[in-house]
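Listing of final.csv, CSV, C-alpha atoms
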```csv
chain,number,residue,atom,x,y,z
A,1,MET,CA,-62.9,207.3,66.1
A,2,ASP,CA,-63.5,207.6,69.8
A,3,SER,CA,-64.6,210.8,71.6
A,4,LEU,CA,-61.1,211.8,72.7
A,5,HIS,CA,-59.7,211.6,69.2
A,6,ALA,CA,-62.8,213.4,67.9
A,7,ILE,CA,-62.4,216.2,70.3
A,8,GLY,CA,-58.7,216.4,69.4
A,9,PHE,CA,-59.7,216.4,65.7
A,10,TYR,CA,-62.1,219.3,66.0
A,11,VAL,CA,-59.8,221.4,68.2
A,12,SER,CA,-56.9,220.8,65.8
A,13,ALA,CA,-59.2,221.7,62.9
A,14,ALA,CA,-60.1,225.0,64.6
A,15,VAL,CA,-56.5,225.8,65.3
A,16,SER,CA,-55.3,225.0,61.8
A,17,LEU,CA,-58.1,226.9,60.0
A,18,GLY,CA,-57.8,229.9,62.4
A,19,GLY,CA,-54.0,229.9,61.9
A,20,GLY,CA,-54.6,229.9,58.1
A,21,PHE,CA,-57.0,232.9,58.3
A,22,LEU,CA,-54.5,234.7,60.5
A,23,VAL,CA,-51.7,234.1,57.9
A,24,ALA,CA,-54.0,235.7,55.4
A,25,PHE,CA,-54.9,238.8,57.4
A,26,LEU,CA,-52.0,239.6,59.8
A,27,PRO,CA,-49.8,242.4,58.5
A,28,GLY,CA,-46.3,241.8,59.9
A,29,ARG,CA,-43.8,239.0,58.9
A,30,GLY,CA,-43.2,237.8,62.5
A,31,ALA,CA,-46.9,237.6,63.2
A,32,ARG,CA,-47.5,235.7,59.9
A,33,GLY,CA,-44.8,233.3,60.7
A,34,ALA,CA,-46.2,232.6,64.2
A,35,ALA,CA,-49.7,232.1,62.7
A,36,LEU,CA,-48.2,229.7,60.1
A,37,ALA,CA,-46.5,227.8,63.0
A,38,ALA,CA,-49.9,227.7,64.8
A,39,ALA,CA,-51.5,226.3,61.6
A,40,GLY,CA,-48.8,223.7,61.5
A,41,VAL,CA,-49.5,222.7,65.1
A,42,GLY,CA,-53.2,222.3,64.1
A,43,VAL,CA,-52.3,220.2,61.0
A,44,ALA,CA,-50.0,218.0,63.1
A,45,GLY,CA,-52.9,217.6,65.6
A,46,LEU,CA,-55.2,216.6,62.8
A,47,TYR,CA,-52.7,213.9,61.6
A,48,LEU,CA,-52.3,212.7,65.2
A,49,SER,CA,-56.0,212.3,65.7
A,50,LEU,CA,-56.1,210.4,62.4
A,51,SER,CA,-53.5,207.9,63.8
A,52,ALA,CA,-50.8,209.3,61.6
A,53,GLY,CA,-48.1,210.2,64.1
A,54,PHE,CA,-45.1,210.0,61.8
A,55,SER,CA,-46.8,212.4,59.3
A,56,ALA,CA,-47.6,214.7,62.2
A,57,LEU,CA,-43.9,214.9,63.2
A,58,VAL,CA,-42.9,215.5,59.6
A,59,ALA,CA,-45.6,218.2,59.1
A,60,LEU,CA,-44.6,219.9,62.4
A,61,VAL,CA,-41.0,220.2,61.3
A,62,CYS,CA,-41.9,221.3,57.8
A,63,PHE,CA,-44.4,224.0,59.0
A,64,ALA,CA,-41.8,225.2,61.5
A,65,GLY,CA,-39.3,225.5,58.7
A,66,CYS,CA,-41.8,227.4,56.5
A,67,ALA,CA,-42.6,229.7,59.4
A,68,LEU,CA,-38.9,230.4,60.0
A,69,LEU,CA,-38.4,231.2,56.3
A,70,LEU,CA,-41.4,233.4,55.9
A,71,GLY,CA,-41.2,235.0,59.3
A,72,ALA,CA,-37.6,236.0,58.9
A,73,PRO,CA,-36.9,239.7,58.2
A,74,ALA,CA,-34.3,239.0,55.4
A,75,TYR,CA,-36.3,238.3,52.3
A,76,ARG,CA,-37.2,240.8,49.6
A,77,VAL,CA,-40.7,242.1,49.1
A,78,MET,CA,-42.0,241.4,45.6
A,79,GLU,CA,-45.2,243.5,45.0
A,80,ILE,CA,-47.6,242.2,42.3
A,81,THR,CA,-48.9,244.7,39.8
A,82,VAL,CA,-52.4,243.4,39.3
A,83,SER,CA,-55.3,245.5,40.5
A,84,GLY,CA,-57.4,244.8,43.6
A,85,VAL,CA,-60.3,243.5,41.4
A,86,TRP,CA,-58.2,240.5,40.4
A,87,ARG,CA,-57.2,239.8,44.0
A,88,GLN,CA,-60.9,239.9,44.9
A,89,LEU,CA,-61.7,237.6,42.0
A,90,GLY,CA,-59.0,235.2,43.3
A,91,ALA,CA,-60.6,235.3,46.8
A,92,VAL,CA,-64.0,234.6,45.3
A,93,ALA,CA,-62.5,231.7,43.3
A,94,ALA,CA,-61.0,230.3,46.5
A,95,GLY,CA,-64.5,230.4,48.0
A,96,GLY,CA,-65.8,228.6,44.9
A,97,LEU,CA,-63.1,226.0,45.3
A,98,LEU,CA,-64.2,225.5,48.9
A,99,ALA,CA,-67.8,225.0,47.8
A,100,VAL,CA,-66.9,222.5,45.1
A,101,LEU,CA,-64.6,220.5,47.4
A,102,CYS,CA,-67.2,220.4,50.2
A,103,TYR,CA,-69.9,219.3,47.7
A,104,ALA,CA,-67.6,216.5,46.4
A,105,ALA,CA,-66.9,215.4,50.0
A,106,TRP,CA,-70.6,215.6,50.9
A,107,ARG,CA,-71.9,213.7,47.8
A,108,GLY,CA,-69.1,211.3,47.5
A,109,ASN,CA,-69.8,207.6,47.9
A,110,PHE,CA,-66.8,206.4,49.9
A,111,VAL,CA,-65.8,202.9,50.9
A,112,HIS,CA,-65.4,202.6,54.6
A,113,ALA,CA,-62.8,200.3,56.1
A,114,THR,CA,-61.5,199.4,59.5
A,115,PHE,CA,-58.1,200.8,60.4
A,116,TYR,CA,-55.6,198.4,62.0
A,117,GLY,CA,-52.5,200.6,62.1
A,118,GLY,CA,-50.8,202.0,65.2
A,119,SER,CA,-50.6,205.6,66.2
A,120,ILE,CA,-47.1,206.4,64.9
A,121,ASN,CA,-46.6,203.9,62.1
A,122,SER,CA,-43.0,204.8,61.4
A,123,ALA,CA,-42.1,201.2,60.6
A,124,SER,CA,-44.8,200.7,58.0
A,125,ILE,CA,-44.2,204.1,56.5
A,126,GLY,CA,-40.5,203.4,56.3
A,127,ARG,CA,-41.3,200.2,54.4
A,128,LEU,CA,-43.5,202.1,52.0
A,129,LEU,CA,-41.0,205.0,51.6
A,130,PHE,CA,-37.9,202.9,51.0
A,131,ALA,CA,-39.3,199.7,49.4
A,132,ARG,CA,-42.6,200.2,47.7
A,133,ASP,CA,-42.5,203.9,46.7
A,134,ALA,CA,-38.7,204.4,46.6
A,135,LEU,CA,-39.1,206.4,43.3
A,136,ALA,CA,-41.5,208.9,44.9
A,137,THR,CA,-39.1,209.3,47.8
A,138,ASP,CA,-36.2,209.9,45.5
A,139,ALA,CA,-38.3,212.4,43.5
A,140,VAL,CA,-39.1,214.4,46.7
A,141,GLY,CA,-35.4,214.2,47.8
A,142,ALA,CA,-34.3,215.5,44.3
A,143,LEU,CA,-36.9,218.3,44.6
A,144,ILE,CA,-35.4,219.3,48.0
A,145,LEU,CA,-31.9,219.2,46.7
A,146,VAL,CA,-32.8,221.3,43.6
A,147,ALA,CA,-34.7,223.7,45.8
A,148,LEU,CA,-31.9,224.2,48.3
A,149,VAL,CA,-29.2,224.5,45.7
A,150,GLY,CA,-31.4,226.9,43.6
A,151,ALA,CA,-32.2,229.0,46.6
A,152,THR,CA,-28.6,229.2,47.7
A,153,ALA,CA,-27.4,230.0,44.1
A,154,ALA,CA,-30.1,232.7,43.6
A,155,TRP,CA,-29.3,234.2,47.0
A,156,ARG,CA,-25.6,234.4,46.4
A,157,LEU,CA,-25.9,235.7,42.8
A,158,ARG,CA,-28.2,238.5,44.0
A,159,ASP,CA,-25.7,239.4,46.7
A,160,ARG,CA,-22.8,239.4,44.3
A,161,GLY,CA,-24.7,241.7,41.9
A,162,ARG,CA,-25.1,244.5,44.5
B,163,MET,CA,-68.9,212.7,69.5
B,164,SER,CA,-67.3,211.3,66.5
B,165,ALA,CA,-65.6,212.4,63.2
B,166,GLY,CA,-65.8,210.5,60.0
B,167,LEU,CA,-64.3,210.8,56.5
B,168,VAL,CA,-66.7,213.5,55.4
B,169,ALA,CA,-65.7,215.7,58.4
B,170,VAL,CA,-62.0,215.1,57.5
B,171,LEU,CA,-62.6,216.0,53.9
B,172,PHE,CA,-64.5,219.2,54.9
B,173,VAL,CA,-61.5,220.3,57.0
B,174,ALA,CA,-59.1,219.4,54.2
B,175,ALA,CA,-61.2,221.4,51.8
B,176,GLY,CA,-61.2,224.3,54.2
B,177,LEU,CA,-57.4,224.2,54.4
B,178,VAL,CA,-57.0,224.0,50.6
B,179,ALA,CA,-59.4,226.9,50.1
B,180,ILE,CA,-57.6,229.1,52.8
B,181,GLY,CA,-54.3,228.3,51.2
B,182,ALA,CA,-55.6,229.4,47.8
B,183,PHE,CA,-57.1,232.5,49.4
B,184,ILE,CA,-53.7,233.4,51.0
B,185,ALA,CA,-52.0,232.9,47.6
B,186,ALA,CA,-54.6,235.1,45.9
B,187,TRP,CA,-55.0,237.8,48.5
B,188,LYS,CA,-51.4,238.7,49.4
B,189,ARG,CA,-49.9,241.6,47.5
B,190,ASP,CA,-46.4,240.5,48.3
B,191,LEU,CA,-45.5,237.4,46.2
B,192,THR,CA,-43.1,236.1,48.8
B,193,ALA,CA,-45.7,236.3,51.6
B,194,ALA,CA,-48.2,234.6,49.2
B,195,LEU,CA,-45.9,231.6,49.4
B,196,ALA,CA,-47.4,231.0,52.9
B,197,GLY,CA,-50.4,229.6,51.1
B,198,LEU,CA,-48.4,226.7,49.8
B,199,PRO,CA,-47.9,224.8,53.0
B,200,VAL,CA,-51.5,225.4,54.1
B,201,MET,CA,-52.8,224.0,50.7
B,202,PHE,CA,-50.4,221.1,50.8
B,203,GLY,CA,-51.4,220.5,54.5
B,204,GLY,CA,-55.0,220.3,53.4
B,205,ALA,CA,-54.1,217.7,50.7
B,206,GLY,CA,-52.1,215.7,53.3
B,207,VAL,CA,-55.1,215.7,55.7
B,208,ALA,CA,-57.3,214.4,52.9
B,209,PHE,CA,-54.8,211.6,52.2
B,210,ALA,CA,-54.4,210.7,55.8
B,211,GLY,CA,-58.2,210.7,56.3
B,212,ALA,CA,-58.7,208.4,53.3
B,213,SER,CA,-55.9,206.2,54.7
B,214,ARG,CA,-57.6,206.1,58.1
B,215,PHE,CA,-61.2,205.5,57.0
B,216,ALA,CA,-61.4,204.2,53.4
B,217,THR,CA,-58.6,201.9,52.2
B,218,PRO,CA,-59.8,198.4,52.3
B,219,GLY,CA,-57.4,197.1,49.5
B,220,GLY,CA,-54.2,199.1,49.7
B,221,PRO,CA,-51.6,199.4,52.5
B,222,PRO,CA,-53.1,201.3,55.4
B,223,ALA,CA,-50.2,203.7,55.7
B,224,PHE,CA,-50.1,204.8,52.1
B,225,GLY,CA,-52.0,208.0,52.7
B,226,GLN,CA,-49.8,208.9,55.6
B,227,GLU,CA,-46.8,208.4,53.5
B,228,VAL,CA,-48.1,210.8,50.8
B,229,ALA,CA,-49.0,213.3,53.6
B,230,ALA,CA,-45.4,213.2,54.8
B,231,LEU,CA,-44.0,213.6,51.3
B,232,VAL,CA,-46.4,216.5,50.5
B,233,ALA,CA,-45.3,218.3,53.7
B,234,VAL,CA,-41.6,218.0,52.7
B,235,ALA,CA,-42.4,219.1,49.1
B,236,ALA,CA,-44.1,222.2,50.5
B,237,LEU,CA,-41.1,223.1,52.6
B,238,ALA,CA,-38.8,222.7,49.6
B,239,LEU,CA,-41.0,224.9,47.4
B,240,VAL,CA,-41.2,227.6,50.1
B,241,ALA,CA,-37.4,227.5,50.4
B,242,LEU,CA,-37.0,227.8,46.7
B,243,GLY,CA,-39.4,230.7,46.5
B,244,VAL,CA,-37.7,232.6,49.3
B,245,GLY,CA,-34.3,232.0,47.7
B,246,ILE,CA,-35.5,233.2,44.3
B,247,ALA,CA,-36.9,236.4,46.0
B,248,GLY,CA,-33.6,237.1,47.6
B,249,ARG,CA,-32.5,239.3,50.4
B,250,GLY,CA,-34.0,242.7,50.8
B,251,THR,CA,-35.7,245.1,53.1
B,252,SER,CA,-38.0,244.0,56.0
B,253,ARG,CA,-41.7,244.9,56.2
```

Representation of the structure as structure tokens:
Amino acid sequence: MDSLHAIGFYVSAAVSLGGGFLVAFLPGRGARGAALAAAGVGVAGLYLSLSAGFSALVALVCFAGCALLLGAPAYRVMEITVSGVWRQLGAVAAGGLLAVLCYAAWRGNFVHATFYGGSINSASIGRLLFARDALATDAVGALILVALVGATAAWRLRDRGR
Amino acid sequence: MSAGLVAVLFVAAGLVAIGAFIAAWKRDLTAALAGLPVMFGGAGVAFAGASRFATPGGPPAFGQEVAALVAVAALALVALGVGIAGRGTSR
């Protein structure tokens, strides 16, 4: 990775991690949605610096969709009933997960290879998606269909019940 | 200045941990859904990094393909969660 890509990688990493922290701590929905969109820009920048331009475009669109959904004022608040101790334990467990993953990344013995792909790779990913891994693509398509139909049905049933 | 696979995996681990933290920390379950795309984004970064630096045998774009699929799956799960939560008051 050359210096320009490395600088882009580290800047994008800072944006994505900072956006994630802001999502955790900002109080309002709109601010959280904007922070999630910023995290998405950071993740897309990470993909781009890793020569994964197509994945960067897909991630940007998907994060924008998530930010619009979670930043919208329409959804219902569902408060959890567990105490603050359990939330703090969950936060500590997230820190433990970070430590374990970083240890695995640090101690892992990886095979290094030379990358010969382009920067966008839409043709090679299209071949993988629709020829080699068509079943996985179908599974994700079915998941989207079920999610959208389920979301619409749940939304309409709740509205009818009021 | 350079960045290798270990740096990519560190950033991916950070994103996964922050996503888990968001999911654990938020009182509102619907707002906790925001942890999903962050976690899945971290997993996608790890896949793309492995595809970029460490795939001598397989197709070079396999990790990027998985990263794209994971991003779409995260969007679908957030849409499903928001739909199940339903419409209500803003906060």

Contact residues around range 58-70 of chain A with all atoms listed in the file at 8 Å, ignoring same-chain residues under 6 positions, as a count of residues only: 24

May I ask you to extract the residues of chain B within 6 Å of chain A, using all atoms listed in the file, and to give them as a PDB file with C-alpha atoms, in the coordinates of the input?
```
ATOM      1  CA  MET B 163     -68.900 212.700  69.500  1.00  0.00           C
ATOM      2  CA  SER B 164     -67.300 211.300  66.500  1.00  0.00           C
ATOM      3  CA  ALA B 165     -65.600 212.400  63.200  1.00  0.00           C
ATOM      4  CA  VAL B 168     -66.700 213.500  55.400  1.00  0.00           C
ATOM      5  CA  LEU B 171     -62.600 216.000  53.900  1.00  0.00           C
ATOM      6  CA  PHE B 172     -64.500 219.200  54.900  1.00  0.00           C
ATOM      7  CA  ALA B 175     -61.200 221.400  51.800  1.00  0.00           C
ATOM      8  CA  ALA B 179     -59.400 226.900  50.100  1.00  0.00           C
ATOM      9  CA  ALA B 182     -55.600 229.400  47.800  1.00  0.00           C
ATOM     10  CA  PHE B 183     -57.100 232.500  49.400  1.00  0.00           C
ATOM     11  CA  ILE B 184     -53.700 233.400  51.000  1.00  0.00           C
ATOM     12  CA  ALA B 186     -54.600 235.100  45.900  1.00  0.00           C
ATOM     13  CA  TRP B 187     -55.000 237.800  48.500  1.00  0.00           C
ATOM     14  CA  ARG B 189     -49.900 241.600  47.500  1.00  0.00           C
ATOM     15  CA  ASP B 190     -46.400 240.500  48.300  1.00  0.00           C
ATOM     16  CA  LEU B 191     -45.500 237.400  46.200  1.00  0.00           C
ATOM     17  CA  ARG B 214     -57.600 206.100  58.100  1.00  0.00           C
ATOM     18  CA  PHE B 215     -61.200 205.500  57.000  1.00  0.00           C
ATOM     19  CA  ALA B 216     -61.400 204.200  53.400  1.00  0.00           C
ATOM     20  CA  THR B 217     -58.600 201.900  52.200  1.00  0.00           C
ATOM     21  CA  PRO B 218     -59.800 198.400  52.300  1.00  0.00           C
ATOM     22  CA  GLN B 226     -49.800 208.900  55.600  1.00  0.00           C
ATOM     23  CA  GLU B 227     -46.800 208.400  53.500  1.00  0.00           C
ATOM     24  CA  ALA B 230     -45.400 213.200  54.800  1.00  0.00           C
ATOM     25  CA  ALA B 233     -45.300 218.300  53.700  1.00  0.00           C
ATOM     26  CA  LEU B 237     -41.100 223.100  52.600  1.00  0.00           C
ATOM     27  CA  ALA B 238     -38.800 222.700  49.600  1.00  0.00           C
ATOM     28  CA  LEU B 242     -37.000 227.800  46.700  1.00  0.00           C
ATOM     29  CA  GLY B 245     -34.300 232.000  47.700  1.00  0.00           C
ATOM     30  CA  ILE B 246     -35.500 233.200  44.300  1.00  0.00           C
ATOM     31  CA  ALA B 247     -36.900 236.400  46.000  1.00  0.00           C
ATOM     32  CA  GLY B 248     -33.600 237.100  47.600  1.00  0.00           C
ATOM     33  CA  ARG B 249     -32.500 239.300  50.400  1.00  0.00           C
ATOM     34  CA  GLY B 250     -34.000 242.700  50.800  1.00  0.00           C
ATOM     35  CA  THR B 251     -35.700 245.100  53.100  1.00  0.00           C
ATOM     36  CA  SER B 252     -38.000 244.000  56.000  1.00  0.00           C
TER      37      SER B 252
END
```

field: Which of B:Lys188, B:Ala174, B:Phe224, B:Ile180 sits closest to Ala205 in chain B [using only C-alpha atoms]
entry: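 The closest residue to Ala205 in chain B is B:Ala174.
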
message: What does the structure give for the distance between CA of Gly45 in chain A and CA of Val11 in chain A, in Å to one decimal?
response: 8.3 Å

- request: Grab the CA of Met201 in chain B to CA of Ala185 in chain B distance for me, in Å with one decimal place.
  value: 9.5 Å

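When CA of Gly181 in chain B is paired with CA of Phe209 in chain B, their separation reads 16.7 Å.
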